[in-house]
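Note: the block below is my_file_16.cif and it holds mmCIF, C-alpha atoms.
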data_protein
loop_
_atom_site.label_atom_id
_atom_site.label_comp_id
_atom_site.auth_asym_id
_atom_site.auth_seq_id
_atom_site.Cartn_x
_atom_site.Cartn_y
_atom_site.Cartn_z
CA MET T 478 0.00 0.00 0.00
CA LYS T 479 1.29 3.40 -0.92
CA LYS T 480 1.71 5.91 1.85
CA SER T 481 -1.22 8.25 2.30
CA ASP T 482 0.31 11.48 0.99
CA GLU T 483 1.70 10.00 -2.18
CA HIS T 484 -0.04 11.50 -5.21
CA VAL T 485 -1.44 9.14 -7.77
CA LEU T 486 -2.47 11.99 -10.02
CA SER T 487 -2.42 15.76 -10.03
CA GLN T 488 -3.84 17.78 -12.88
CA GLN T 489 -4.70 21.43 -13.38
CA PHE T 490 -7.56 22.89 -15.39
CA GLU T 491 -8.09 26.50 -16.40
CA ILE T 492 -11.68 27.79 -16.38
CA LYS T 493 -12.66 31.03 -18.12
CA GLY T 494 -15.28 33.26 -16.57
CA GLY T 495 -18.16 34.26 -18.82
CA ASP T 496 -17.50 31.43 -21.27
CA PHE T 497 -21.02 30.03 -21.20
CA SER T 498 -20.67 27.96 -24.36
CA ASN T 499 -17.88 25.86 -22.81
CA ALA T 500 -19.37 25.77 -19.32
CA GLY T 501 -19.24 22.26 -17.93
CA LYS T 502 -16.45 20.94 -20.16
CA THR T 503 -13.91 20.83 -17.34
CA SER T 504 -16.13 18.83 -15.02
CA THR T 505 -17.04 16.49 -17.88
CA SER T 506 -13.31 15.89 -18.43
CA ILE T 507 -12.76 15.34 -14.73
CA LYS T 508 -15.54 12.77 -14.65
CA GLU T 509 -13.92 10.92 -17.56
CA ILE T 510 -10.57 10.90 -15.74
CA LEU T 511 -12.16 9.50 -12.58
CA GLN T 512 -13.93 6.81 -14.61
CA GLU T 513 -10.67 5.84 -16.32
CA ILE T 514 -8.94 5.51 -12.96
CA GLY T 515 -11.74 3.25 -11.78
CA ILE T 516 -12.95 5.21 -8.77
CA ASP T 517 -16.22 4.06 -7.20
CA THR T 518 -19.21 5.29 -9.21
CA SER T 519 -21.02 6.90 -6.28
CA ILE T 520 -17.92 8.96 -5.46
CA ILE T 521 -17.47 9.92 -9.11
CA ILE T 522 -21.01 11.30 -9.26
CA ARG T 523 -20.64 13.30 -6.05
CA ALA T 524 -17.28 14.68 -7.22
CA ALA T 525 -18.60 15.45 -10.70
CA ILE T 526 -21.64 17.29 -9.30
CA ALA T 527 -19.42 19.37 -7.01
CA ALA T 528 -16.96 20.10 -9.82
CA TYR T 529 -19.78 21.08 -12.18
CA GLU T 530 -21.42 23.45 -9.71
CA ALA T 531 -18.02 24.96 -8.87
CA GLU T 532 -17.21 25.36 -12.56
CA MET T 533 -20.56 27.06 -13.21
CA ASN T 534 -19.89 29.45 -10.34
CA VAL T 535 -16.61 30.47 -12.00
CA VAL T 536 -18.27 30.88 -15.40
CA MET T 537 -21.05 32.96 -13.86
CA TYR T 538 -19.22 35.09 -11.32
CA ALA T 539 -15.42 35.12 -11.83
CA GLN T 540 -12.92 36.17 -14.49
CA ARG T 541 -10.89 32.99 -14.39
CA ALA T 542 -9.95 30.12 -12.12
CA THR T 543 -7.55 27.25 -11.71
CA LEU T 544 -8.96 23.95 -10.57
CA THR T 545 -6.43 21.41 -9.33
CA LEU T 546 -7.48 17.80 -9.10
CA THR T 547 -5.34 15.66 -6.82
CA ILE T 548 -5.90 12.00 -6.16
CA THR T 549 -4.08 9.93 -3.56
CA PRO T 550 -4.86 6.34 -2.56
CA GLU T 551 -7.11 7.70 0.20
CA ARG T 552 -8.72 10.82 -1.17
CA LEU T 553 -9.72 12.93 -4.10
CA CYS T 554 -9.28 16.67 -3.71
CA PHE T 555 -10.34 19.73 -5.68
CA LYS T 556 -8.64 23.03 -5.04
CA LEU T 557 -10.29 25.83 -6.94
CA GLU T 558 -8.94 29.36 -6.85
CA ASP T 559 -10.66 32.08 -8.80
CA GLU T 560 -10.01 35.72 -9.58
CA GLY T 561 -13.25 37.57 -9.39
CA GLN T 562 -15.68 39.57 -7.37
CA GLY T 563 -15.52 37.28 -4.35
CA ILE T 564 -18.45 36.75 -2.02
CA ASP T 565 -19.54 39.55 0.31
CA ASN T 566 -21.52 37.40 2.72
CA LEU T 567 -20.55 33.73 2.86
CA ASP T 568 -23.30 32.84 5.34
CA MET T 569 -25.92 34.15 2.92
CA ALA T 570 -24.25 32.47 -0.06
CA MET T 571 -24.43 29.11 1.69
CA GLN T 572 -28.21 29.36 2.09
CA GLU T 573 -30.26 27.52 -0.50
CA GLY T 574 -32.12 30.03 -2.64
CA PHE T 575 -29.85 33.01 -2.07
CA SER T 576 -28.56 34.22 -5.42
CA THR T 577 -27.22 37.27 -7.19
CA ALA T 578 -27.57 35.65 -10.62
CA THR T 579 -28.46 37.47 -13.82
CA ASP T 580 -31.09 36.37 -16.35
CA GLU T 581 -28.36 34.95 -18.60
CA MET T 582 -27.19 32.70 -15.79
CA ARG T 583 -30.73 31.53 -15.09
CA GLU T 584 -31.25 30.74 -18.78
CA MET T 585 -28.42 28.22 -18.42
CA GLY T 586 -30.43 26.40 -15.75
CA PHE T 587 -28.28 27.70 -12.91
CA GLY T 588 -28.19 30.73 -10.65
CA ALA T 589 -30.97 29.74 -8.27
CA GLY T 590 -28.83 29.78 -5.17
CA MET T 591 -28.24 26.03 -5.08
CA GLY T 592 -24.58 25.87 -6.15
CA LEU T 593 -22.60 26.16 -2.94
CA PRO T 594 -25.12 24.12 -0.89
CA ASN T 595 -24.97 21.40 -3.57
CA ILE T 596 -21.18 21.40 -3.45
CA LYS T 597 -21.13 21.18 0.34
CA ARG T 598 -23.72 18.39 0.36
CA ASN T 599 -21.65 16.23 -1.97
CA ALA T 600 -18.15 16.76 -0.56
CA ASP T 601 -16.88 14.97 2.53
CA ARG T 602 -14.95 18.06 3.51
CA PHE T 603 -15.78 21.56 2.35
CA LYS T 604 -13.77 24.71 2.94
CA ILE T 605 -14.42 28.07 1.37
CA PHE T 606 -12.48 31.31 1.62
CA SER T 607 -13.40 34.52 -0.08
CA THR T 608 -12.05 38.03 -0.29
CA PRO T 609 -14.55 40.50 -1.74
CA GLY T 610 -13.09 42.16 -4.81
CA LYS T 611 -10.34 39.54 -5.21
CA GLY T 612 -11.74 36.06 -5.44
CA THR T 613 -12.86 32.85 -3.86
CA SER T 614 -11.15 29.55 -3.18
CA LEU T 615 -12.68 26.18 -2.49
CA ASP T 616 -11.04 23.12 -0.95
CA LEU T 617 -13.06 19.95 -1.41
CA THR T 618 -12.18 16.47 -0.24
CA PHE T 619 -13.82 13.16 -1.09
CA PHE T 620 -12.67 10.09 0.83
CA LEU T 621 -12.13 7.08 -1.38
CA ASN T 622 -12.35 4.51 1.39
CA GLN T 623 -15.42 3.96 3.50
CA GLY T 624 -15.36 4.87 7.16
CA GLU T 625 -13.19 7.98 6.95
CA MET L 629 -40.81 0.59 -18.75
CA THR L 630 -38.66 0.92 -21.86
CA LEU L 631 -37.74 4.18 -23.50
CA ARG L 632 -39.65 2.94 -26.54
CA GLU L 633 -42.84 2.70 -24.44
CA ILE L 634 -42.17 6.17 -23.04
CA LYS L 635 -41.79 7.49 -26.58
CA GLU L 636 -45.23 6.08 -27.46
CA ILE L 637 -46.92 7.38 -24.30
CA LEU L 638 -45.60 10.89 -24.91
CA LYS L 639 -45.89 10.71 -28.71
CA ALA L 640 -42.31 11.87 -28.68
CA GLU L 641 -39.91 12.45 -31.53
CA ILE L 642 -36.42 10.98 -31.39
CA ILE L 643 -33.65 13.55 -31.68
CA CYS L 644 -30.81 11.08 -31.30
CA GLY L 645 -30.10 7.70 -29.77
CA GLU L 646 -32.71 5.59 -31.59
CA GLU L 647 -30.50 2.55 -31.02
CA HIS L 648 -31.06 2.90 -27.26
CA LEU L 649 -34.87 2.78 -27.24
CA ASP L 650 -34.96 -0.62 -25.55
CA ILE L 651 -33.20 0.53 -22.36
CA GLU L 652 -35.24 0.14 -19.18
CA ILE L 653 -36.25 3.29 -17.33
CA GLU L 654 -37.15 2.84 -13.66
CA PHE L 655 -37.79 6.41 -12.48
CA ALA L 656 -38.01 9.96 -13.73
CA GLY L 657 -37.76 13.56 -12.60
CA GLY L 658 -38.61 16.87 -14.16
CA SER L 659 -37.04 20.30 -13.79
CA ASP L 660 -35.80 23.25 -15.81
CA LEU L 661 -33.34 24.09 -13.05
CA MET L 662 -30.14 22.10 -13.45
CA SER L 663 -29.00 22.73 -9.89
CA ASP L 664 -32.18 21.00 -8.75
CA VAL L 665 -31.43 18.08 -11.06
CA LEU L 666 -27.93 17.88 -9.60
CA ALA L 667 -29.51 17.87 -6.12
CA PHE L 668 -32.21 15.23 -6.69
CA GLY L 669 -30.88 13.36 -9.70
CA LYS L 670 -29.65 9.82 -9.39
CA PRO L 671 -27.97 7.46 -11.84
CA GLY L 672 -30.55 5.97 -14.16
CA LEU L 673 -32.84 9.02 -14.09
CA LEU L 674 -35.09 9.87 -17.02
CA LEU L 675 -34.85 13.66 -17.12
CA LEU L 676 -37.79 15.71 -18.35
CA THR L 677 -36.86 19.32 -18.95
CA GLY L 678 -37.71 22.42 -20.89
CA LEU L 679 -34.12 23.63 -20.80
CA SER L 680 -32.85 23.07 -24.30
CA ASN L 681 -29.25 24.29 -24.17
CA ALA L 682 -26.19 22.05 -23.83
CA GLN L 683 -26.25 22.32 -20.05
CA SER L 684 -29.19 19.92 -19.93
CA VAL L 685 -27.07 17.25 -21.60
CA ARG L 686 -24.01 18.05 -19.49
CA THR L 687 -26.12 17.76 -16.35
CA ALA L 688 -27.57 14.43 -17.51
CA ASN L 689 -24.07 13.18 -18.21
CA ILE L 690 -22.75 14.30 -14.82
CA ILE L 691 -25.43 12.35 -12.91
CA ASP L 692 -25.48 9.33 -15.28
CA ALA L 693 -29.05 9.98 -16.40
CA LYS L 694 -30.30 7.46 -18.93
CA ALA L 695 -32.17 9.77 -21.30
CA ILE L 696 -33.69 13.22 -21.69
CA ILE L 697 -37.22 14.14 -22.75
CA TYR L 698 -37.59 17.76 -23.84
CA VAL L 699 -41.08 19.08 -23.15
CA ARG L 700 -43.05 21.81 -24.97
CA ALA L 701 -41.59 20.53 -28.29
CA LYS L 702 -38.19 21.95 -27.39
CA LYS L 703 -35.02 20.64 -28.96
CA PRO L 704 -31.43 21.06 -27.83
CA ASP L 705 -28.85 23.02 -29.78
CA LYS L 706 -26.17 21.39 -31.96
CA MET L 707 -23.65 21.33 -29.13
CA GLY L 708 -26.10 19.49 -26.90
CA ILE L 709 -26.93 16.93 -29.57
CA ALA L 710 -23.24 16.34 -30.33
CA LEU L 711 -22.49 15.77 -26.63
CA ALA L 712 -25.48 13.44 -26.28
CA LYS L 713 -24.26 11.34 -29.20
CA GLU L 714 -20.75 11.23 -27.75
CA LYS L 715 -22.04 10.19 -24.33
CA GLU L 716 -24.76 7.91 -25.76
CA ILE L 717 -27.61 9.73 -24.05
CA PRO L 718 -30.84 9.38 -26.05
CA LEU L 719 -32.74 12.63 -26.57
CA LEU L 720 -36.47 12.83 -27.31
CA SER L 721 -38.88 15.73 -27.69
CA THR L 722 -42.59 15.79 -26.86
CA HIS L 723 -45.17 18.48 -27.55
CA HIS L 724 -46.67 17.95 -24.08
CA MET L 725 -45.95 20.48 -21.36
CA MET L 726 -43.98 19.43 -18.29
CA TYR L 727 -46.97 18.77 -16.03
CA THR L 728 -48.83 16.68 -18.58
CA ALA L 729 -45.75 14.72 -19.68
CA CYS L 730 -44.90 13.81 -16.08
CA ALA L 731 -48.53 12.90 -15.32
CA LEU L 732 -48.82 10.66 -18.39
CA LEU L 733 -45.71 8.70 -17.39
CA PHE L 734 -46.67 8.53 -13.72
CA ASN L 735 -50.15 7.25 -14.58
CA GLN L 736 -48.57 4.50 -16.66
CA GLY L 737 -46.57 3.38 -13.64
CA LEU L 738 -43.27 5.21 -13.95
CA PRO L 739 -42.43 6.56 -10.46
CA GLY L 740 -40.65 9.78 -9.66
CA VAL L 741 -37.11 9.82 -8.35
CA SER L 742 -37.17 9.68 -4.56
CA SER L 743 -37.18 13.12 -3.03
CA SER L 744 -34.05 12.61 -0.94
CA SER L 745 -31.16 14.60 -2.36
CA ASN L 746 -27.83 13.13 -3.34
CA GLN L 747 -26.21 12.13 -0.11
CA LYS L 748 -22.82 10.91 0.95
#
structure tokens encoding of this file:
Amino acid sequence: MKKSDEHVLSQQFEIKGGDFSNAGKTSTSIKEILQEIGIDTSIIIRAAIAAYEAEMNVVMYAQRATLTLTITPERLCFKLEDEGQGIDNLDMAMQEGFSTATDEMREMGFGAGMGLPNIKRNADRFKIFSTPGKGTSLDLTFFLNQGE
Amino acid sequence: MTLREIKEILKAEIICGEEHLDIEIEFAGGSDLMSDVLAFGKPGLLLLTGLSNAQSVRTANIIDAKAIIYVRAKKPDKMGIALAKEKEIPLLSTHHMMYTACALLFNQGLPGVSSSSNQK
């Protein structure tokens, strides 16, 4: 067994804010990678949902972001760091239904204030940091072995 | 219930994926809000939606939905159709509105997805 901190895979993805036509491509690619590795299907779906919601948040609210996918024998992690407007009130943003979305965002089927709660619901560990006017970062962890 | 039976019940038109009409569908859910689909959707879902852009197909792919029925005679754009073909997600379109389409399928014995959200 490999030691716990040894990386099996680490890959970075760039996400462009405002690029609605390509929105979702990164999370689709991530799902394909996780399927190729052979990760448990239920974990893949949770991770893909979280990645997709996080990607849509970047497309809708930020200028750009880097999403780093890291997989070790024990865990799958997403670290997303965006440059953008940040979030003024994190407590409000975590409430289902709270949204500052525009009509264009809603036409994409998003922007109803479900994104961050959906991400938190699916991740085993969820950390969010935001500086208004600068950007937001997310640290998500999914445990690959039961019982952690 | 097979997708072929669902096509007949809804008098739906096939947009792509005709070769998959014999797949079994066990439950369905309807929404135009993709975040809701991501919250309630489960692998195997038949998604009914009026959202016709590519995000409907991406959402279906993310949750391993089996097929999409577009209501109100909507049809996805080229990008959505191309992605559906690549991911082998059958797409159909019915003239029925969401409420009627869901009711027709429910009355024929197709249950809704359980209301519990995706959980760890």
What separation in Å, quoted to one decimal, exists between CA of Met662 in chain L and CA of Gly586 in chain T?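 If I compute the distance from CA of Met662 in chain L to CA of Gly586 in chain T, I get 4.9 Å.
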Ground truth for the PyMOL selection byres ((chain T) within 10 of (chain L)), written as a short mmCIF file (atom, residue, chain, number, x, y, z; two decimals) with C-alpha atoms, keeping the file's coordinate frame:
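The result, stored in selection_31.cif:
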data_model
loop_
_atom_site.label_atom_id
_atom_site.label_comp_id
_atom_site.auth_asym_id
_atom_site.auth_seq_id
_atom_site.Cartn_x
_atom_site.Cartn_y
_atom_site.Cartn_z
CA PHE T 497 -21.02 30.03 -21.20
CA SER T 498 -20.67 27.96 -24.36
CA ASN T 499 -17.88 25.86 -22.81
CA ALA T 500 -19.37 25.77 -19.32
CA GLY T 501 -19.24 22.26 -17.93
CA LYS T 502 -16.45 20.94 -20.16
CA SER T 504 -16.13 18.83 -15.02
CA THR T 505 -17.04 16.49 -17.88
CA LYS T 508 -15.54 12.77 -14.65
CA GLU T 509 -13.92 10.92 -17.56
CA THR T 518 -19.21 5.29 -9.21
CA SER T 519 -21.02 6.90 -6.28
CA ILE T 520 -17.92 8.96 -5.46
CA ILE T 521 -17.47 9.92 -9.11
CA ILE T 522 -21.01 11.30 -9.26
CA ARG T 523 -20.64 13.30 -6.05
CA ALA T 524 -17.28 14.68 -7.22
CA ALA T 525 -18.60 15.45 -10.70
CA ILE T 526 -21.64 17.29 -9.30
CA ALA T 527 -19.42 19.37 -7.01
CA ALA T 528 -16.96 20.10 -9.82
CA TYR T 529 -19.78 21.08 -12.18
CA GLU T 530 -21.42 23.45 -9.71
CA ARG T 583 -30.73 31.53 -15.09
CA GLU T 584 -31.25 30.74 -18.78
CA MET T 585 -28.42 28.22 -18.42
CA GLY T 586 -30.43 26.40 -15.75
CA PHE T 587 -28.28 27.70 -12.91
CA GLY T 588 -28.19 30.73 -10.65
CA ALA T 589 -30.97 29.74 -8.27
CA GLY T 590 -28.83 29.78 -5.17
CA MET T 591 -28.24 26.03 -5.08
CA GLY T 592 -24.58 25.87 -6.15
CA PRO T 594 -25.12 24.12 -0.89
CA ASN T 595 -24.97 21.40 -3.57
CA ILE T 596 -21.18 21.40 -3.45
CA ARG T 598 -23.72 18.39 0.36
CA ASN T 599 -21.65 16.23 -1.97
CA ALA T 600 -18.15 16.76 -0.56
CA ASP T 601 -16.88 14.97 2.53
CA PHE T 619 -13.82 13.16 -1.09
#
Taking 4 positions as the minimum chain separation for residues in the same chain, which residues sit within 12 Å of Ile510 in chain T when counting all atoms listed in the file? Answer as a PyMOL selection string. chain T and resi 486-488+503-506+514-516+521+524-525+546-548+553
Determine the residue set returned by the PyMOL selection byres ((chain T and resi 554-562) around 10) for the present structure, and present it as number ranges by chain. T: 487-494, 524, 527-528, 531-532, 534-535, 538-549, 552-553, 563-565, 600-620
What does the structure give for the distance between CA of Thr579 in chain T and CA of Leu567 in chain T, in Å to one decimal?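 So the two atoms, CA of Thr579 in chain T and CA of Leu567 in chain T, lie 18.8 Å apart.
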Going by the chain IDs and residue numbers used in this file, which residues fall under the PyMOL selection byres ((chain L and resi 715) around 10)? Write them as a list in words.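 Here the PyMOL selection byres ((chain L and resi 715) around 10) matches Val685, Arg686, Ala688, Asn689, Asp692, Ile709, Ala710, Leu711, Ala712, Lys713, Glu714, Glu716, Ile717 and Pro718 of chain L.
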Output C-alpha atoms of each residue in that selection to a file, as a PDB file, in the coordinates of the input.
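Contents of part.pdb, freshly written:
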ATOM      1  CA  VAL L 685     -27.070  17.250 -21.600  1.00  0.00           C
ATOM      2  CA  ARG L 686     -24.010  18.050 -19.490  1.00  0.00           C
ATOM      3  CA  ALA L 688     -27.570  14.430 -17.510  1.00  0.00           C
ATOM      4  CA  ASN L 689     -24.070  13.180 -18.210  1.00  0.00           C
ATOM      5  CA  ASP L 692     -25.480   9.330 -15.280  1.00  0.00           C
ATOM      6  CA  ILE L 709     -26.930  16.930 -29.570  1.00  0.00           C
ATOM      7  CA  ALA L 710     -23.240  16.340 -30.330  1.00  0.00           C
ATOM      8  CA  LEU L 711     -22.490  15.770 -26.630  1.00  0.00           C
ATOM      9  CA  ALA L 712     -25.480  13.440 -26.280  1.00  0.00           C
ATOM     10  CA  LYS L 713     -24.260  11.340 -29.200  1.00  0.00           C
ATOM     11  CA  GLU L 714     -20.750  11.230 -27.750  1.00  0.00           C
ATOM     12  CA  GLU L 716     -24.760   7.910 -25.760  1.00  0.00           C
ATOM     13  CA  ILE L 717     -27.610   9.730 -24.050  1.00  0.00           C
ATOM     14  CA  PRO L 718     -30.840   9.380 -26.050  1.00  0.00           C
TER      15      PRO L 718
END
Would you mind reading off the distance between CA of Tyr698 in chain L and CA of Met629 in chain L, one decimal, in Å?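 Answer for the CA of Tyr698 in chain L to CA of Met629 in chain L separation: 18.2 Å.
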